[in-house]
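First comes the structure, then the notes that go with it.
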Amino acid sequence: VTEATERWLRDVETLRAFPQRYSRAIDARDIEAVGELFDPDGVVDGALGTLPVPQYLGGLRAAPRSFATSMHVLGEPLIEFEPGTDVATMDTYALVYQLDRVAEPSGDVLLGIRYLDDLVRINGAWKIHHRRAVMLWTR
Amino acid sequence: VTEATERWLRDVETLRAFPQRYSRAIDARDIEAVGELFDPDGVVDGALGTLPVPQYLGGLRAAPRSFATSMHVLGEPLIEFEPGTDVATMDTYALVYQLDRVAEPSGDVLLGIRYLDDLVRINGAWKIHHRRAVMLWTR
Amino acid sequence: VTEATERWLRDVETLRAFPQRYSRAIDARDIEAVGELFDPDGVVDGALGTLPVPQYLGGLRAAPRSFATSMHVLGEPLIEFEPGTDVATMDTYALVYQLDRVAEPSGDVLLGIRYLDDLVRINGAWKIHHRRAVMLWTR
């Protein structure tokens with residue numbers, strides 16, 4: 001029992017780091033670091049539609065920079081993860097600041113987003129297998 | 001010692017989920033899910049005054065919808081919890097977005113709130129026994 | 001192994017509380033409480049320049065109040081900490097609300113800040129040995 005609980009607690013710490021790793025990677029436009037978080041056989045359902053992970057990452061790489069600065073403030077995830085399993089879900093609230101639009105009219109955008117992630121352990125490493133990014137509001 | 005620490009660590013995870021469970025429940029106006037977080041013999045001291053939990057929940061159920069959208073962005077709680085006890089306190093900063101006011105004048109409100117919670121373990125389940133919601137500022 | 005993991009998990013909880021302890025202390029202008037978080041032999045690299053901790057704290061004590069209200073909303077830190085060591089790094093995103101400027105013109109400021117902290121365990125207690133506060137943007 002003790003070993004199972006310890007593993008669960010360590011896994012929870014690993015899972016909890018995902019939103020923060022994602023925010024640093026995406027704000028730095030480090031698409032390789034974003035890709036390390038995802039299962040290459042996974043799917044991302046977001047602003048660009050429903051895309052297999054490789055296409056999602058390709059879309060990020062190809063996207064022109066619309067704003068000079070972005071800051072993804074992701075909160076504490078609500079983690080659902082049963083001990084002894086290799087699957088977990090996370091539900092993360094985010095405030096995304098998109099600042100200094102490059103094109104005219106210049107300006108800022110603030111987005112309220114909810115990330116609903118299914119994670120799986122693959123060869124010992126947690127990966128996001130399915131992400132649904134729900135745009136709640138924009139200002 | 002090991003068992004006590006493990007129990008403490010697991011309890012901390014349970015406690016940490018409370019702010020996130022609250023935010024999802026209140027944003028969905030799922031008052032039953034809000035109620036599951038509170039001790040029915042507890043008290044909530046907030047915008048509606050100092051109310052026993054059943055009246056607090058009744059007030060939430062009866063309240064007209066003032067804004068079309070709300071997003072309660074609750075941060076990581078500062079948890080005070082001694083191992084081996086059944087009481088804990090949590091201090092949680094929150095940014096609450098109330099968007100698209102239904103009545104005129106239309107508009108948005110942003111609130112800075114601090115939730116000061118006393119929690120107790122009742123029949124093995126943590127519940128908020130006393131909540132003080134301090135409105136720090138509004139814009 | 002079990003004992004090392006347990007110590008690591010407890011240390012992570014201690015580390016995770018730092019951003020929240022800092023925000024409560026600085027928002028209350030409780031400079032003594034801020035000082036308890038820092039190694040007196042450490043350095044803070046921020047808005048006031050690169051300062052040894054005692055001078056940093058002195059600067060905070062001497063600073064006139066520019067805004068009536070401040071709220072430091074610090075997110076979940078990204079923690080790097082190897083089991084069995086006495087050093088850790090934390091990377092924390094923050095939204096800092098500075099409200100009701102005392103001087104004219106009155107107004108509010110919102111800052112996006114990233115705190116990059118090196119922590120060390122000194123005589124059994126974790127302290128911030130080096131902080132770099134990076135101002136990402138202001139509005």
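Just so we're on the same page: first chain in the structure tokens is A, next is B, and so on; residues restart at 1 for each chain, and ligands are numbered from 1 in the order they show up.
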
For chain C, report every residue with an atom at most 12 Å from chain A (counting only C-alpha atoms), formatted as a ChimeraX atom specification. /C:1-10,12-13,16,73-81,83,90-95,110-114,135-139

Export of prior selection with N, CA and C atoms as an mmCIF file, in the first residue's frame:
```cif
data_model
loop_
_atom_site.group_PDB
_atom_site.id
_atom_site.type_symbol
_atom_site.label_atom_id
_atom_site.label_comp_id
_atom_site.auth_asym_id
_atom_site.auth_seq_id
_atom_site.Cartn_x
_atom_site.Cartn_y
_atom_site.Cartn_z
ATOM 1 N N VAL C 1 14.702 4.096 0.286
ATOM 2 C CA VAL C 1 14.076 4.816 -0.845
ATOM 3 C C VAL C 1 12.786 5.488 -0.394
ATOM 4 N N THR C 2 12.003 4.747 0.360
ATOM 5 C CA THR C 2 10.739 5.302 0.820
ATOM 6 C C THR C 2 10.948 6.581 1.619
ATOM 7 N N GLU C 3 11.911 6.546 2.513
ATOM 8 C CA GLU C 3 12.134 7.725 3.341
ATOM 9 C C GLU C 3 12.568 8.915 2.497
ATOM 10 N N ALA C 4 13.423 8.664 1.503
ATOM 11 C CA ALA C 4 13.890 9.751 0.630
ATOM 12 C C ALA C 4 12.723 10.347 -0.162
ATOM 13 N N THR C 5 11.837 9.482 -0.641
ATOM 14 C CA THR C 5 10.685 9.978 -1.403
ATOM 15 C C THR C 5 9.771 10.803 -0.514
ATOM 16 N N GLU C 6 9.549 10.308 0.682
ATOM 17 C CA GLU C 6 8.694 11.057 1.601
ATOM 18 C C GLU C 6 9.275 12.413 1.923
ATOM 19 N N ARG C 7 10.561 12.454 2.146
ATOM 20 C CA ARG C 7 11.193 13.741 2.431
ATOM 21 C C ARG C 7 11.065 14.664 1.226
ATOM 22 N N TRP C 8 11.241 14.084 0.039
ATOM 23 C CA TRP C 8 11.121 14.890 -1.174
ATOM 24 C C TRP C 8 9.709 15.456 -1.292
ATOM 25 N N LEU C 9 8.720 14.621 -1.050
ATOM 26 C CA LEU C 9 7.332 15.081 -1.178
ATOM 27 C C LEU C 9 7.020 16.163 -0.147
ATOM 28 N N ARG C 10 7.512 15.986 1.057
ATOM 29 C CA ARG C 10 7.279 17.024 2.076
ATOM 30 C C ARG C 10 8.004 18.314 1.712
ATOM 31 N N VAL C 12 8.679 19.334 -1.290
ATOM 32 C CA VAL C 12 7.941 19.967 -2.391
ATOM 33 C C VAL C 12 6.775 20.790 -1.845
ATOM 34 N N GLU C 13 6.090 20.255 -0.844
ATOM 35 C CA GLU C 13 4.987 21.028 -0.251
ATOM 36 C C GLU C 13 5.500 22.315 0.390
ATOM 37 N N ARG C 16 6.356 24.684 -2.428
ATOM 38 C CA ARG C 16 5.187 25.202 -3.128
ATOM 39 C C ARG C 16 4.507 26.329 -2.351
ATOM 40 N N VAL C 73 -0.974 37.849 -7.478
ATOM 41 C CA VAL C 73 -1.582 36.553 -7.778
ATOM 42 C C VAL C 73 -0.495 35.674 -8.386
ATOM 43 N N LEU C 74 0.122 34.870 -7.547
ATOM 44 C CA LEU C 74 1.209 33.996 -7.999
ATOM 45 C C LEU C 74 0.666 32.611 -8.258
ATOM 46 N N GLY C 75 1.044 32.068 -9.396
ATOM 47 C CA GLY C 75 0.537 30.769 -9.800
ATOM 48 C C GLY C 75 1.320 29.630 -9.171
ATOM 49 N N GLU C 76 0.944 28.454 -9.608
ATOM 50 C CA GLU C 76 1.664 27.246 -9.233
ATOM 51 C C GLU C 76 3.100 27.352 -9.744
ATOM 52 N N PRO C 77 4.098 27.143 -8.883
ATOM 53 C CA PRO C 77 5.472 27.204 -9.381
ATOM 54 C C PRO C 77 5.862 25.934 -10.131
ATOM 55 N N LEU C 78 6.719 26.117 -11.117
ATOM 56 C CA LEU C 78 7.372 24.967 -11.742
ATOM 57 C C LEU C 78 8.629 24.691 -10.911
ATOM 58 N N ILE C 79 8.622 23.557 -10.218
ATOM 59 C CA ILE C 79 9.661 23.242 -9.239
ATOM 60 C C ILE C 79 10.642 22.248 -9.842
ATOM 61 N N GLU C 80 11.921 22.535 -9.731
ATOM 62 C CA GLU C 80 12.966 21.575 -10.093
ATOM 63 C C GLU C 80 13.734 21.255 -8.817
ATOM 64 N N PHE C 81 13.690 20.015 -8.406
ATOM 65 C CA PHE C 81 14.272 19.651 -7.115
ATOM 66 C C PHE C 81 14.580 18.160 -7.139
ATOM 67 N N PRO C 83 15.657 14.673 -5.516
ATOM 68 C CA PRO C 83 15.656 14.057 -4.184
ATOM 69 C C PRO C 83 17.071 13.976 -3.612
ATOM 70 N N MET C 90 12.679 27.397 -8.604
ATOM 71 C CA MET C 90 11.243 27.568 -8.841
ATOM 72 C C MET C 90 11.046 28.685 -9.854
ATOM 73 N N ASP C 91 10.081 28.476 -10.714
ATOM 74 C CA ASP C 91 9.755 29.402 -11.801
ATOM 75 C C ASP C 91 8.256 29.672 -11.663
ATOM 76 N N THR C 92 7.917 30.907 -11.306
ATOM 77 C CA THR C 92 6.537 31.221 -10.932
ATOM 78 C C THR C 92 6.017 32.400 -11.737
ATOM 79 N N TYR C 93 4.900 32.195 -12.398
ATOM 80 C CA TYR C 93 4.217 33.278 -13.117
ATOM 81 C C TYR C 93 3.372 34.076 -12.123
ATOM 82 N N ALA C 94 3.312 35.378 -12.339
ATOM 83 C CA ALA C 94 2.519 36.212 -11.428
ATOM 84 C C ALA C 94 1.795 37.305 -12.191
ATOM 85 N N LEU C 95 0.574 37.561 -11.746
ATOM 86 C CA LEU C 95 -0.160 38.758 -12.138
ATOM 87 C C LEU C 95 -0.202 39.656 -10.912
ATOM 88 N N LEU C 110 -1.315 46.826 -13.971
ATOM 89 C CA LEU C 110 -1.258 45.366 -13.925
ATOM 90 C C LEU C 110 0.085 44.950 -14.509
ATOM 91 N N LEU C 111 0.797 44.112 -13.767
ATOM 92 C CA LEU C 111 2.126 43.669 -14.183
ATOM 93 C C LEU C 111 2.105 42.165 -14.431
ATOM 94 N N GLY C 112 2.752 41.733 -15.487
ATOM 95 C CA GLY C 112 3.039 40.314 -15.684
ATOM 96 C C GLY C 112 4.489 40.070 -15.302
ATOM 97 N N ILE C 113 4.700 39.232 -14.302
ATOM 98 C CA ILE C 113 6.042 39.036 -13.748
ATOM 99 C C ILE C 113 6.348 37.545 -13.696
ATOM 100 N N ARG C 114 7.615 37.228 -13.859
ATOM 101 C CA ARG C 114 8.068 35.852 -13.711
ATOM 102 C C ARG C 114 9.180 35.852 -12.658
ATOM 103 N N MET C 135 10.210 41.411 -15.202
ATOM 104 C CA MET C 135 8.980 42.110 -15.603
ATOM 105 C C MET C 135 8.716 41.788 -17.056
ATOM 106 N N LEU C 136 7.626 41.078 -17.317
ATOM 107 C CA LEU C 136 7.313 40.672 -18.691
ATOM 108 C C LEU C 136 6.552 41.763 -19.426
ATOM 109 N N TRP C 137 5.638 42.401 -18.741
ATOM 110 C CA TRP C 137 4.837 43.442 -19.372
ATOM 111 C C TRP C 137 4.094 44.228 -18.281
ATOM 112 N N THR C 138 3.658 45.419 -18.651
ATOM 113 C CA THR C 138 2.831 46.222 -17.746
ATOM 114 C C THR C 138 1.680 46.839 -18.551
ATOM 115 N N ARG C 139 0.602 47.054 -17.876
ATOM 116 C CA ARG C 139 -0.557 47.709 -18.501
ATOM 117 C C ARG C 139 -1.190 48.676 -17.496
#
```

Apply DSSP to the backbone of this structure and, from segment 36-111 of chain C, keep only the residues in strand (DSSP E or B); write these as a PyMOL selection string. chain C and resi 38-46+49-52+67-74+78-80+87-101+109-111

Tell me, in Å to one decimal, how far atom CA of Ala33 of chain B is from atom CA of Gly84 of chain A. 26.9 Å

Compile the contact shell of Val43 of chain C as a ChimeraX atom specification: residues with an atom at most 8 Å away, counting only C-alpha atoms, same-chain residues fewer than 6 positions apart removed. /C:50-53,129-131

Expected answer as a PDB file with C-alpha atoms, in the first residue's frame: alpha helix (DSSP H) residues in chain B:
```pdb
ATOM      1  CA  THR B   2       5.717   6.961   7.482  1.00  0.00           C
ATOM      2  CA  GLU B   3       2.042   6.193   7.581  1.00  0.00           C
ATOM      3  CA  ALA B   4       1.239   9.549   9.207  1.00  0.00           C
ATOM      4  CA  THR B   5       3.240  11.409   6.569  1.00  0.00           C
ATOM      5  CA  GLU B   6       1.551   9.546   3.772  1.00  0.00           C
ATOM      6  CA  ARG B   7      -1.840  10.310   5.185  1.00  0.00           C
ATOM      7  CA  TRP B   8      -0.833  13.960   5.534  1.00  0.00           C
ATOM      8  CA  LEU B   9       0.350  14.120   1.934  1.00  0.00           C
ATOM      9  CA  ARG B  10      -2.825  12.517   0.639  1.00  0.00           C
ATOM     10  CA  ASP B  11      -4.936  14.875   2.728  1.00  0.00           C
ATOM     11  CA  VAL B  12      -3.026  17.850   1.353  1.00  0.00           C
ATOM     12  CA  GLU B  13      -3.924  16.716  -2.162  1.00  0.00           C
ATOM     13  CA  THR B  14      -7.567  16.421  -1.163  1.00  0.00           C
ATOM     14  CA  LEU B  15      -7.512  19.875   0.405  1.00  0.00           C
ATOM     15  CA  ARG B  16      -5.743  21.433  -2.566  1.00  0.00           C
ATOM     16  CA  ALA B  17      -8.525  20.281  -4.882  1.00  0.00           C
ATOM     17  CA  PHE B  18     -11.173  22.229  -2.932  1.00  0.00           C
ATOM     18  CA  PRO B  19     -10.625  25.632  -4.576  1.00  0.00           C
ATOM     19  CA  GLN B  20     -10.681  24.054  -8.024  1.00  0.00           C
ATOM     20  CA  ARG B  21     -13.781  21.997  -7.259  1.00  0.00           C
ATOM     21  CA  TYR B  22     -15.480  25.122  -5.930  1.00  0.00           C
ATOM     22  CA  SER B  23     -14.653  27.174  -9.007  1.00  0.00           C
ATOM     23  CA  ARG B  24     -15.969  24.544 -11.456  1.00  0.00           C
ATOM     24  CA  ALA B  25     -19.137  24.081  -9.419  1.00  0.00           C
ATOM     25  CA  ILE B  26     -19.947  27.758  -8.943  1.00  0.00           C
ATOM     26  CA  ASP B  27     -19.145  28.641 -12.559  1.00  0.00           C
ATOM     27  CA  ILE B  31     -25.246  24.356  -6.376  1.00  0.00           C
ATOM     28  CA  GLU B  32     -25.431  20.702  -5.381  1.00  0.00           C
ATOM     29  CA  ALA B  33     -21.747  20.320  -6.207  1.00  0.00           C
ATOM     30  CA  VAL B  34     -20.993  23.495  -4.240  1.00  0.00           C
ATOM     31  CA  GLY B  35     -22.901  22.043  -1.301  1.00  0.00           C
ATOM     32  CA  VAL B  53     -24.542  26.822   4.948  1.00  0.00           C
ATOM     33  CA  PRO B  54     -28.110  25.736   4.075  1.00  0.00           C
ATOM     34  CA  GLN B  55     -29.211  29.373   3.779  1.00  0.00           C
ATOM     35  CA  TYR B  56     -26.074  30.220   1.825  1.00  0.00           C
ATOM     36  CA  LEU B  57     -26.861  27.446  -0.661  1.00  0.00           C
ATOM     37  CA  GLY B  58     -30.484  28.483  -0.809  1.00  0.00           C
ATOM     38  CA  GLY B  59     -29.400  32.028  -1.597  1.00  0.00           C
ATOM     39  CA  LEU B  60     -27.237  30.767  -4.445  1.00  0.00           C
ATOM     40  CA  ARG B  61     -30.136  28.714  -5.818  1.00  0.00           C
ATOM     41  CA  ALA B  62     -32.536  31.645  -5.636  1.00  0.00           C
TER      42      ALA B  62
END
```

Between atom CA of Leu119 of chain C and atom CA of Ala63 of chain C, measure the distance and give it in Å to one decimal.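 For atom CA of Leu119 of chain C relative to atom CA of Ala63 of chain C, the distance reads 25.7 Å.
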
Please compute the atom CA of Arg132 of chain A-atom CA of Asp117 of chain A distance, one decimal, in Å. 6.3 Å
